[in-house]
Amino acid sequence: MGWGETRRQLADAWKWSELHTAAAAAALQVPVLWVLAWLTTVNDDDYGSGFGGALAGLFFLAVLVVLPLLTTLYAVLFTMPTLVLACVAARRARGPEWLWQFGAVILLSVFWVLVLGGWSASVPALLAAAGMLAAFALLPLLTVGYARRRARIKGRAWGFFGAWLRSAVATFGLCVLIVGGAIAATFAGLLKDYEPPTLSTAQLAGAWHGDGGAVLDLRAGGRVEFTDLPLQDPDGWESVRCTGTGTWTLDRDGRDDAYAGEGPEERDGVVVRLDGGCGEQTYWTIGGTPADPELFVLFGDPDAGDLRILKKK
């Protein structure tokens, strides 16, 4: 087989209409997967942080603009090379093209994981990343296969606007279906919002540990000792670390929560009143689960602040 025949095969395998179809199919998956991932966090503690209104609007606007570009790049670097490799292999070595596509998508998944830095990862992490990348490629490949069969029957392929319009309609429909199912599950009691644990003073007493060697030792008599504990900087929004002593009380009403009405909802917390030069007091909100409770504080902006978590050991 000469170069002319090979070039013809490559031209048959790389069609611009299929590039648009693959990119649109890849873009379809991103919002749907995002909605599914978001639903899995409904009963998780958000620690009172997240995107604010204007920031969220800018974020989603950026996604709408950037997503088609990113998925088109993905189709150029991943889907189309898979189709080309499978087409050439099927014509040279025989066998069904879909089987060669399966092999090519695994090969390219491993290749791109290694190129993007996976060479330094462990074998299980490498296999997991390659598996996720290959799974993400299945819908674009299946959609291109369907578009090819449709083009043979109808005599014409999907154009740019046709592919993206179908993707947008399918994305909207799937997201509405998923959210509708989640709402129905909520009313049925199958999906519940996160509820923080209710802890007694006896359950709170003990040593709570955090990052950087932070220790908050709540004594049963109401005294507290702390080491390298992150505290609000009296002169700014940042946190500072301090070692010292003080007293603590359990707050059931959220009266001492600095972010009450702005960040986290009012909920139980521990008020630590400080002795010496570490400031006046700090408020640690109760979070986690009854089996794995946490104390946390958010310094700075409630929407994107410096989150510190303590756990009991």
# chains A, B, ... in the order shown; residues from 1 in each chain; ligands from 1
call {"tool": "residues_around", "arguments": {"residues": "Trp112 of chain A", "least_positions_apart": "3", "cutoff": "10 Å", "atoms": "only C-alpha atoms", "output": "ChimeraX atom specification"}}
result
/A:77-78,107-109,115-118,129-130,133
call {"tool": "closest_atom_pairs", "arguments": {"of": "segment 70-125 of chain A", "to": "segment 143-162 of chain A", "cutoff": "12 Å", "atoms": "only C-alpha atoms", "output": "Markdown table"}}
result
| residue | atom | partner | partner_atom | distance |
| --- | --- | --- | --- | --- |
| A:Thr72 | CA | A:Phe160 | CA | 11.5 |
| A:Ala75 | CA | A:Val144 | CA | 11.1 |
| A:Thr79 | CA | A:Val144 | CA | 9.5 |
| A:Met80 | CA | A:Val144 | CA | 10.0 |
| A:Thr82 | CA | A:Val144 | CA | 11.5 |
| A:Leu83 | CA | A:Val144 | CA | 9.3 |
| A:Glu97 | CA | A:Gly145 | CA | 10.3 |
| A:Trp98 | CA | A:Gly145 | CA | 8.9 |
| A:Gln101 | CA | A:Gly145 | CA | 10.7 |
call {"tool": "closest_residue", "arguments": {"among": "A:Thr289, A:Ala182, A:Ser17, A:Ala220", "to": "Asp45 of chain A", "atoms": "only C-alpha atoms"}}
result
A:Thr289
call {"tool": "closest_residue", "arguments": {"among": "A:Trp34, A:Trp16, A:Tyr47, A:Phe111", "to": "Tyr194 of chain A", "atoms": "only C-alpha atoms"}}
result
A:Tyr47
call {"tool": "residues_around", "arguments": {"residues": "segment 292-300 of chain A", "least_positions_apart": "6", "cutoff": "7 Å", "atoms": "only C-alpha atoms", "output": "PyMOL selection string"}}
result
chain A and resi 232+237-239+283-286+306-311
call {"tool": "write_last_selection", "arguments": {"atoms": "N, CA and C atoms", "output": "short mmCIF file (atom, residue, chain, number, x, y, z; two decimals), in the first residue's frame"}}
result
data_model
loop_
_atom_site.label_atom_id
_atom_site.label_comp_id
_atom_site.auth_asym_id
_atom_site.auth_seq_id
_atom_site.Cartn_x
_atom_site.Cartn_y
_atom_site.Cartn_z
N GLN A 232 -7.69 34.32 64.45
CA GLN A 232 -7.88 35.51 63.63
C GLN A 232 -6.85 36.58 63.99
N TRP A 237 -7.33 40.13 57.94
CA TRP A 237 -8.19 38.99 57.67
C TRP A 237 -7.44 37.66 57.78
N GLU A 238 -6.13 37.71 57.80
CA GLU A 238 -5.35 36.47 57.79
C GLU A 238 -5.37 35.81 59.18
N SER A 239 -4.93 34.57 59.21
CA SER A 239 -4.84 33.86 60.48
C SER A 239 -3.41 33.88 60.99
N TYR A 283 -14.11 31.37 67.48
CA TYR A 283 -15.32 30.53 67.42
C TYR A 283 -15.07 29.35 66.49
N TRP A 284 -15.19 28.15 67.02
CA TRP A 284 -15.01 26.93 66.24
C TRP A 284 -16.36 26.25 66.05
N THR A 285 -16.81 26.19 64.79
CA THR A 285 -18.11 25.61 64.48
C THR A 285 -18.01 24.09 64.47
N ILE A 286 -19.06 23.44 64.95
CA ILE A 286 -19.09 21.98 64.98
C ILE A 286 -19.55 21.46 63.62
N ASP A 306 -9.92 31.10 54.34
CA ASP A 306 -8.88 30.17 54.79
C ASP A 306 -9.52 29.22 55.79
N LEU A 307 -9.81 27.99 55.35
CA LEU A 307 -10.51 27.02 56.17
C LEU A 307 -9.52 26.21 56.99
N ARG A 308 -9.77 26.13 58.31
CA ARG A 308 -8.95 25.31 59.19
C ARG A 308 -9.85 24.32 59.92
N ILE A 309 -9.44 23.07 59.98
CA ILE A 309 -10.24 21.99 60.55
C ILE A 309 -9.46 21.29 61.64
N LEU A 310 -10.14 20.99 62.75
CA LEU A 310 -9.58 20.21 63.84
C LEU A 310 -10.37 18.91 63.98
N LYS A 311 -9.67 17.82 64.23
CA LYS A 311 -10.32 16.53 64.45
C LYS A 311 -9.83 15.94 65.77
#
call {"tool": "select_by_dssp", "arguments": {"residues": "segment 38-247 of chain A", "states": "strand (DSSP E or B)", "output": "ChimeraX atom specification"}}
result
/A:206-209,215-218,223-232,239-247
call {"tool": "write_last_selection", "arguments": {"atoms": "N, CA and C atoms", "output": "JSON list (two decimals), in the first residue's frame"}}
result
[["chain", "number", "residue", "atom", "x", "y", "z"],
["A", 206, "GLY", "N", -11.54, 17.08, 75.27],
["A", 206, "GLY", "CA", -10.45, 16.27, 74.76],
["A", 206, "GLY", "C", -9.58, 17.09, 73.83],
["A", 207, "ALA", "N", -8.58, 16.44, 73.25],
["A", 207, "ALA", "CA", -7.61, 17.11, 72.38],
["A", 207, "ALA", "C", -8.05, 17.02, 70.93],
["A", 208, "TRP", "N", -8.12, 18.16, 70.25],
["A", 208, "TRP", "CA", -8.47, 18.27, 68.85],
["A", 208, "TRP", "C", -7.22, 18.69, 68.09],
["A", 209, "HIS", "N", -6.93, 18.00, 67.00],
["A", 209, "HIS", "CA", -5.68, 18.23, 66.26],
["A", 209, "HIS", "C", -5.97, 18.73, 64.85],
["A", 215, "VAL", "N", -3.05, 22.07, 68.12],
["A", 215, "VAL", "CA", -3.74, 21.26, 69.12],
["A", 215, "VAL", "C", -4.62, 22.18, 69.96],
["A", 216, "LEU", "N", -5.87, 21.79, 70.11],
["A", 216, "LEU", "CA", -6.82, 22.50, 70.96],
["A", 216, "LEU", "C", -7.32, 21.50, 72.00],
["A", 217, "ASP", "N", -6.86, 21.66, 73.23],
["A", 217, "ASP", "CA", -7.19, 20.71, 74.30],
["A", 217, "ASP", "C", -8.29, 21.32, 75.17],
["A", 218, "LEU", "N", -9.51, 20.82, 74.99],
["A", 218, "LEU", "CA", -10.67, 21.31, 75.74],
["A", 218, "LEU", "C", -10.78, 20.49, 77.02],
["A", 223, "ARG", "N", -11.57, 24.86, 81.15],
["A", 223, "ARG", "CA", -10.29, 25.47, 80.76],
["A", 223, "ARG", "C", -9.83, 24.86, 79.44],
["A", 224, "VAL", "N", -8.93, 25.58, 78.75],
["A", 224, "VAL", "CA", -8.43, 25.12, 77.46],
["A", 224, "VAL", "C", -6.95, 25.46, 77.35],
["A", 225, "GLU", "N", -6.22, 24.57, 76.75],
["A", 225, "GLU", "CA", -4.82, 24.82, 76.39],
["A", 225, "GLU", "C", -4.68, 24.57, 74.89],
["A", 226, "PHE", "N", -3.88, 25.40, 74.21],
["A", 226, "PHE", "CA", -3.74, 25.25, 72.77],
["A", 226, "PHE", "C", -2.30, 25.49, 72.36],
["A", 227, "THR", "N", -1.92, 24.81, 71.28],
["A", 227, "THR", "CA", -0.55, 24.90, 70.75],
["A", 227, "THR", "C", -0.63, 25.14, 69.25],
["A", 228, "ASP", "N", 0.06, 26.18, 68.79],
["A", 228, "ASP", "CA", 0.08, 26.53, 67.35],
["A", 228, "ASP", "C", -1.32, 26.57, 66.77],
["A", 229, "LEU", "N", -2.26, 27.11, 67.52],
["A", 229, "LEU", "CA", -3.66, 27.16, 67.08],
["A", 229, "LEU", "C", -3.86, 28.34, 66.13],
["A", 230, "PRO", "N", -4.45, 28.12, 64.94],
["A", 230, "PRO", "CA", -4.72, 29.25, 64.04],
["A", 230, "PRO", "C", -5.84, 30.13, 64.61],
["A", 231, "LEU", "N", -5.57, 31.42, 64.69],
["A", 231, "LEU", "CA", -6.51, 32.39, 65.24],
["A", 231, "LEU", "C", -6.60, 33.58, 64.31],
["A", 232, "GLN", "N", -7.69, 34.32, 64.45],
["A", 232, "GLN", "CA", -7.88, 35.51, 63.63],
["A", 232, "GLN", "C", -6.85, 36.58, 63.99],
["A", 239, "SER", "N", -4.93, 34.57, 59.21],
["A", 239, "SER", "CA", -4.84, 33.86, 60.48],
["A", 239, "SER", "C", -3.41, 33.88, 60.99],
["A", 240, "VAL", "N", -3.27, 33.83, 62.29],
["A", 240, "VAL", "CA", -1.97, 33.72, 62.93],
["A", 240, "VAL", "C", -2.02, 32.52, 63.86],
["A", 241, "ARG", "N", -0.86, 32.07, 64.28],
["A", 241, "ARG", "CA", -0.80, 30.92, 65.18],
["A", 241, "ARG", "C", -0.36, 31.40, 66.57],
["A", 242, "CYS", "N", -0.95, 30.74, 67.56],
["A", 242, "CYS", "CA", -0.66, 31.17, 68.92],
["A", 242, "CYS", "C", -0.69, 29.97, 69.86],
["A", 243, "THR", "N", 0.08, 30.04, 70.92],
["A", 243, "THR", "CA", 0.12, 29.02, 71.96],
["A", 243, "THR", "C", -0.23, 29.68, 73.28],
["A", 244, "GLY", "N", -1.15, 29.07, 74.03],
["A", 244, "GLY", "CA", -1.54, 29.69, 75.29],
["A", 244, "GLY", "C", -2.65, 28.92, 75.97],
["A", 245, "THR", "N", -3.40, 29.63, 76.80],
["A", 245, "THR", "CA", -4.48, 29.04, 77.58],
["A", 245, "THR", "C", -5.70, 29.94, 77.50],
["A", 246, "GLY", "N", -6.81, 29.44, 78.06],
["A", 246, "GLY", "CA", -8.03, 30.22, 78.08],
["A", 246, "GLY", "C", -9.17, 29.40, 78.64],
["A", 247, "THR", "N", -10.39, 29.79, 78.29],
["A", 247, "THR", "CA", -11.58, 29.06, 78.71],
["A", 247, "THR", "C", -12.44, 28.77, 77.48]]
call {"tool": "atom_distance", "arguments": {"atom1": "atom CA of Ala184 of chain A", "atom2": "atom CA of Phe172 of chain A"}}
result
18.1 Å
call {"tool": "atom_distance", "arguments": {"atom1": "atom CA of Phe187 of chain A", "atom2": "atom CA of Val32 of chain A"}}
result
21.9 Å
call {"tool": "atom_distance", "arguments": {"atom1": "atom CA of Pro124 of chain A", "atom2": "atom CA of Phe136 of chain A"}}
result
18.3 Å
call {"tool": "select_by_dssp", "arguments": {"residues": "segment 33-273 of chain A", "states": "alpha helix (DSSP H)", "output": "number ranges by chain"}}
result
A: 33-39, 53-74, 80-93, 97-115, 123-154, 160-187, 201-204
